[in-house]
Amino acid sequence: MSVGDIGIHHDGQSDGWVHGMMASSIASAVATAGLVDGLAPLQWTVQVEGRDILITGTPTAETTHPVALCRAWAAVLELQECDYDDVEDVLAWNRAEGPWLLEISTRRL
């Protein structure tokens with residue numbers, strides 16, 4: 001895994017290196033779970049909004065089979081399918097624990 005495999009979203013509310021370090025650490029930890037199982041990387045973003053923390057994985061531009069890859073990641077991370085947008089043909093899986101929401105979506109950023 002390289003730094004390029006991890007995306008960091010800055011929400012404008014948290015400034016400085018501490019936010020960047022924490023967001024990068026969270027994204028790295030989640031990304032490692034699938035990479036250990038041999039899955040291709042997803043693009044990870046971390047958003048902090050108030051007390052809520054949203055961690056989102058999406059396929060990279062190079063992903064040739066985004067639905068299959070996202071399903072495999074969702075299985076590894078024990079996420080439940082939660083949404084299907086038939087207009088945009090987008091699937092999503094998620095899991096909430098306290099203020100944390102982990103989500104994988106077939107929508108490319």
# chains A, B, ... in the order shown; residues from 1 in each chain; ligands from 1

call {"tool": "residues_around", "arguments": {"residues": "Ser25 of chain A", "least_positions_apart": "5", "cutoff": "10 Å", "atoms": "only C-alpha atoms", "output": "number ranges by chain"}}
result
A: 6, 19-20, 30-31, 46

call {"tool": "select_by_dssp", "arguments": {"residues": "chain A", "states": "strand (DSSP E)", "output": "ChimeraX atom specification"}}
result
/A:43-49,52-58,80-85,90-97,100-105

call {"tool": "select_by_dssp", "arguments": {"residues": "segment 15-72 of chain A", "states": "helix (DSSP H, G or I)", "output": "VMD selection string"}}
result
chain A and resid 16 to 36 66 to 72

call {"tool": "closest_residue", "arguments": {"among": "A:Val18, A:Val36, A:Leu91, A:Leu79", "to": "Pro59 of chain A", "atoms": "only C-alpha atoms"}}
result
A:Leu91

call {"tool": "atom_distance", "arguments": {"atom1": "atom CA of Ala74 of chain A", "atom2": "atom CA of Trp93 of chain A"}}
result
6.4 Å

call {"tool": "closest_residue", "arguments": {"among": "A:Glu88, A:Arg51, A:Thr45, A:Leu39", "to": "Ala23 of chain A", "atoms": "only C-alpha atoms"}}
result
A:Thr45

call {"tool": "residues_around", "arguments": {"residues": "Trp100 of chain A", "least_positions_apart": "6", "cutoff": "7 Å", "atoms": "only C-alpha atoms", "output": "ChimeraX atom specification"}}
result
/A:52-54

call {"tool": "closest_residue", "arguments": {"among": "A:Ala92, A:Leu101, A:Val76, A:Cys82", "to": "Thr32 of chain A", "atoms": "only C-alpha atoms"}}
result
A:Val76

call {"tool": "closest_residue", "arguments": {"among": "A:Ile26, A:Val90, A:Ala40, A:Ile55", "to": "Leu69 of chain A", "atoms": "only C-alpha atoms"}}
result
A:Ala40

call {"tool": "residues_around", "arguments": {"residues": "Glu62 of chain A", "least_positions_apart": "4", "cutoff": "12 Å", "atoms": "only C-alpha atoms", "output": "PDB file with C-alpha atoms, in the first residue's frame"}}
result
ATOM      1  CA  ASP A   5      -3.941   4.537  -2.055  1.00  0.00           C
ATOM      2  CA  ALA A  40      -7.155  -4.474  -4.699  1.00  0.00           C
ATOM      3  CA  PRO A  41      -7.088  -1.116  -2.908  1.00  0.00           C
ATOM      4  CA  LEU A  42     -10.001   1.263  -2.577  1.00  0.00           C
ATOM      5  CA  GLN A  43      -9.706   5.036  -2.317  1.00  0.00           C
ATOM      6  CA  THR A  58     -14.677   3.800  -3.171  1.00  0.00           C
ATOM      7  CA  PRO A  66     -16.064  -2.149  -9.015  1.00  0.00           C
ATOM      8  CA  LEU A  69     -14.401  -5.486  -5.516  1.00  0.00           C
ATOM      9  CA  ARG A 108     -16.270   6.708  -7.790  1.00  0.00           C
TER      10      ARG A 108
END

call {"tool": "decode", "arguments": {"residues": "segment 17-66 of chain A", "atoms": "N, CA and C atoms", "output": "tab-separated table (two decimals), in the first residue's frame"}}
result
chain	number	residue	atom	x	y	z
A	17	TRP	N	-1.97	19.46	11.54
A	17	TRP	CA	-1.35	18.17	11.32
A	17	TRP	C	-2.00	17.06	12.13
A	18	VAL	N	-2.58	17.38	13.28
A	18	VAL	CA	-3.20	16.34	14.10
A	18	VAL	C	-4.36	15.71	13.34
A	19	HIS	N	-5.21	16.54	12.74
A	19	HIS	CA	-6.33	16.01	11.94
A	19	HIS	C	-5.80	15.14	10.80
A	20	GLY	N	-4.81	15.64	10.09
A	20	GLY	CA	-4.24	14.89	8.97
A	20	GLY	C	-3.65	13.56	9.41
A	21	MET	N	-2.94	13.58	10.54
A	21	MET	CA	-2.33	12.36	11.06
A	21	MET	C	-3.40	11.35	11.47
A	22	MET	N	-4.43	11.81	12.17
A	22	MET	CA	-5.48	10.90	12.62
A	22	MET	C	-6.25	10.33	11.43
A	23	ALA	N	-6.61	11.18	10.47
A	23	ALA	CA	-7.34	10.72	9.29
A	23	ALA	C	-6.51	9.72	8.50
A	24	SER	N	-5.23	9.99	8.34
A	24	SER	CA	-4.35	9.08	7.61
A	24	SER	C	-4.22	7.75	8.34
A	25	SER	N	-4.11	7.79	9.66
A	25	SER	CA	-4.00	6.56	10.45
A	25	SER	C	-5.25	5.71	10.35
A	26	ILE	N	-6.42	6.35	10.43
A	26	ILE	CA	-7.69	5.62	10.33
A	26	ILE	C	-7.80	4.98	8.95
A	27	ALA	N	-7.55	5.75	7.90
A	27	ALA	CA	-7.65	5.23	6.54
A	27	ALA	C	-6.66	4.09	6.31
A	28	SER	N	-5.44	4.22	6.84
A	28	SER	CA	-4.44	3.17	6.68
A	28	SER	C	-4.86	1.88	7.37
A	29	ALA	N	-5.42	2.00	8.57
A	29	ALA	CA	-5.85	0.82	9.32
A	29	ALA	C	-6.97	0.08	8.60
A	30	VAL	N	-7.94	0.82	8.09
A	30	VAL	CA	-9.05	0.19	7.37
A	30	VAL	C	-8.55	-0.43	6.07
A	31	ALA	N	-7.70	0.28	5.35
A	31	ALA	CA	-7.18	-0.22	4.08
A	31	ALA	C	-6.39	-1.51	4.26
A	32	THR	N	-5.68	-1.63	5.35
A	32	THR	CA	-4.87	-2.81	5.62
A	32	THR	C	-5.72	-4.07	5.73
A	33	ALA	N	-6.92	-3.94	6.26
A	33	ALA	CA	-7.80	-5.11	6.45
A	33	ALA	C	-8.04	-5.85	5.14
A	34	GLY	N	-8.36	-5.15	4.08
A	34	GLY	CA	-8.61	-5.80	2.79
A	34	GLY	C	-7.35	-6.20	2.07
A	35	LEU	N	-6.32	-5.39	2.21
A	35	LEU	CA	-5.06	-5.70	1.53
A	35	LEU	C	-4.44	-6.98	2.07
A	36	VAL	N	-4.64	-7.26	3.36
A	36	VAL	CA	-4.15	-8.50	3.96
A	36	VAL	C	-4.82	-9.70	3.29
A	37	ASP	N	-6.09	-9.54	2.88
A	37	ASP	CA	-6.81	-10.62	2.20
A	37	ASP	C	-6.57	-10.62	0.69
A	38	GLY	N	-5.66	-9.77	0.22
A	38	GLY	CA	-5.31	-9.77	-1.20
A	38	GLY	C	-6.23	-8.97	-2.10
A	39	LEU	N	-7.07	-8.13	-1.53
A	39	LEU	CA	-7.98	-7.32	-2.34
A	39	LEU	C	-7.25	-6.11	-2.93
A	40	ALA	N	-7.68	-5.71	-4.11
A	40	ALA	CA	-7.16	-4.47	-4.70
A	40	ALA	C	-7.57	-3.30	-3.82
A	41	PRO	N	-6.78	-2.24	-3.80
A	41	PRO	CA	-7.09	-1.12	-2.91
A	41	PRO	C	-8.32	-0.33	-3.34
A	42	LEU	N	-8.96	0.27	-2.35
A	42	LEU	CA	-10.00	1.26	-2.58
A	42	LEU	C	-9.41	2.63	-2.25
A	43	GLN	N	-10.07	3.67	-2.70
A	43	GLN	CA	-9.71	5.04	-2.32
A	43	GLN	C	-10.45	5.33	-1.03
A	44	TRP	N	-9.74	5.69	0.04
A	44	TRP	CA	-10.36	5.91	1.35
A	44	TRP	C	-10.39	7.39	1.70
A	45	THR	N	-11.51	7.84	2.23
A	45	THR	CA	-11.63	9.20	2.74
A	45	THR	C	-12.15	9.15	4.17
A	46	VAL	N	-11.77	10.14	4.93
A	46	VAL	CA	-12.22	10.26	6.32
A	46	VAL	C	-12.79	11.66	6.49
A	47	GLN	N	-14.04	11.74	6.93
A	47	GLN	CA	-14.68	13.02	7.20
A	47	GLN	C	-15.09	13.07	8.66
A	48	VAL	N	-14.77	14.16	9.32
A	48	VAL	CA	-15.18	14.37	10.70
A	48	VAL	C	-16.16	15.54	10.70
A	49	GLU	N	-17.39	15.25	11.11
A	49	GLU	CA	-18.42	16.28	11.15
A	49	GLU	C	-19.00	16.29	12.56
A	50	GLY	N	-18.61	17.29	13.34
A	50	GLY	CA	-19.03	17.32	14.73
A	50	GLY	C	-18.43	16.13	15.45
A	51	ARG	N	-19.29	15.30	16.02
A	51	ARG	CA	-18.82	14.10	16.73
A	51	ARG	C	-18.89	12.84	15.87
A	52	ASP	N	-19.36	12.98	14.64
A	52	ASP	CA	-19.49	11.84	13.75
A	52	ASP	C	-18.26	11.70	12.86
A	53	ILE	N	-17.86	10.46	12.64
A	53	ILE	CA	-16.70	10.16	11.80
A	53	ILE	C	-17.15	9.21	10.70
A	54	LEU	N	-17.05	9.64	9.46
A	54	LEU	CA	-17.44	8.85	8.30
A	54	LEU	C	-16.18	8.42	7.55
A	55	ILE	N	-16.01	7.11	7.41
A	55	ILE	CA	-14.89	6.53	6.68
A	55	ILE	C	-15.49	5.86	5.45
A	56	THR	N	-15.08	6.31	4.26
A	56	THR	CA	-15.69	5.81	3.03
A	56	THR	C	-14.63	5.24	2.10
A	57	GLY	N	-14.91	4.06	1.57
A	57	GLY	CA	-14.06	3.44	0.56
A	57	GLY	C	-14.79	3.41	-0.76
A	58	THR	N	-14.10	3.81	-1.83
A	58	THR	CA	-14.68	3.80	-3.17
A	58	THR	C	-13.65	3.23	-4.14
A	59	PRO	N	-14.11	2.68	-5.27
A	59	PRO	CA	-13.17	2.12	-6.24
A	59	PRO	C	-12.30	3.21	-6.87
A	60	THR	N	-11.09	2.84	-7.21
A	60	THR	CA	-10.21	3.77	-7.92
A	60	THR	C	-10.61	3.81	-9.39
A	61	ALA	N	-10.08	4.76	-10.11
A	61	ALA	CA	-10.38	4.89	-11.55
A	61	ALA	C	-9.92	3.66	-12.32
A	62	GLU	N	-8.90	2.97	-11.82
A	62	GLU	CA	-8.35	1.80	-12.51
A	62	GLU	C	-9.13	0.52	-12.26
A	63	THR	N	-10.08	0.53	-11.35
A	63	THR	CA	-10.84	-0.67	-11.00
A	63	THR	C	-11.70	-1.12	-12.17
A	64	THR	N	-11.52	-2.37	-12.60
A	64	THR	CA	-12.27	-2.87	-13.75
A	64	THR	C	-13.60	-3.52	-13.36
A	65	HIS	N	-13.72	-4.03	-12.15
A	65	HIS	CA	-14.95	-4.66	-11.67
A	65	HIS	C	-15.32	-4.08	-10.31
A	66	PRO	N	-15.83	-2.84	-10.29
A	66	PRO	CA	-16.06	-2.15	-9.01
A	66	PRO	C	-17.07	-2.83	-8.10
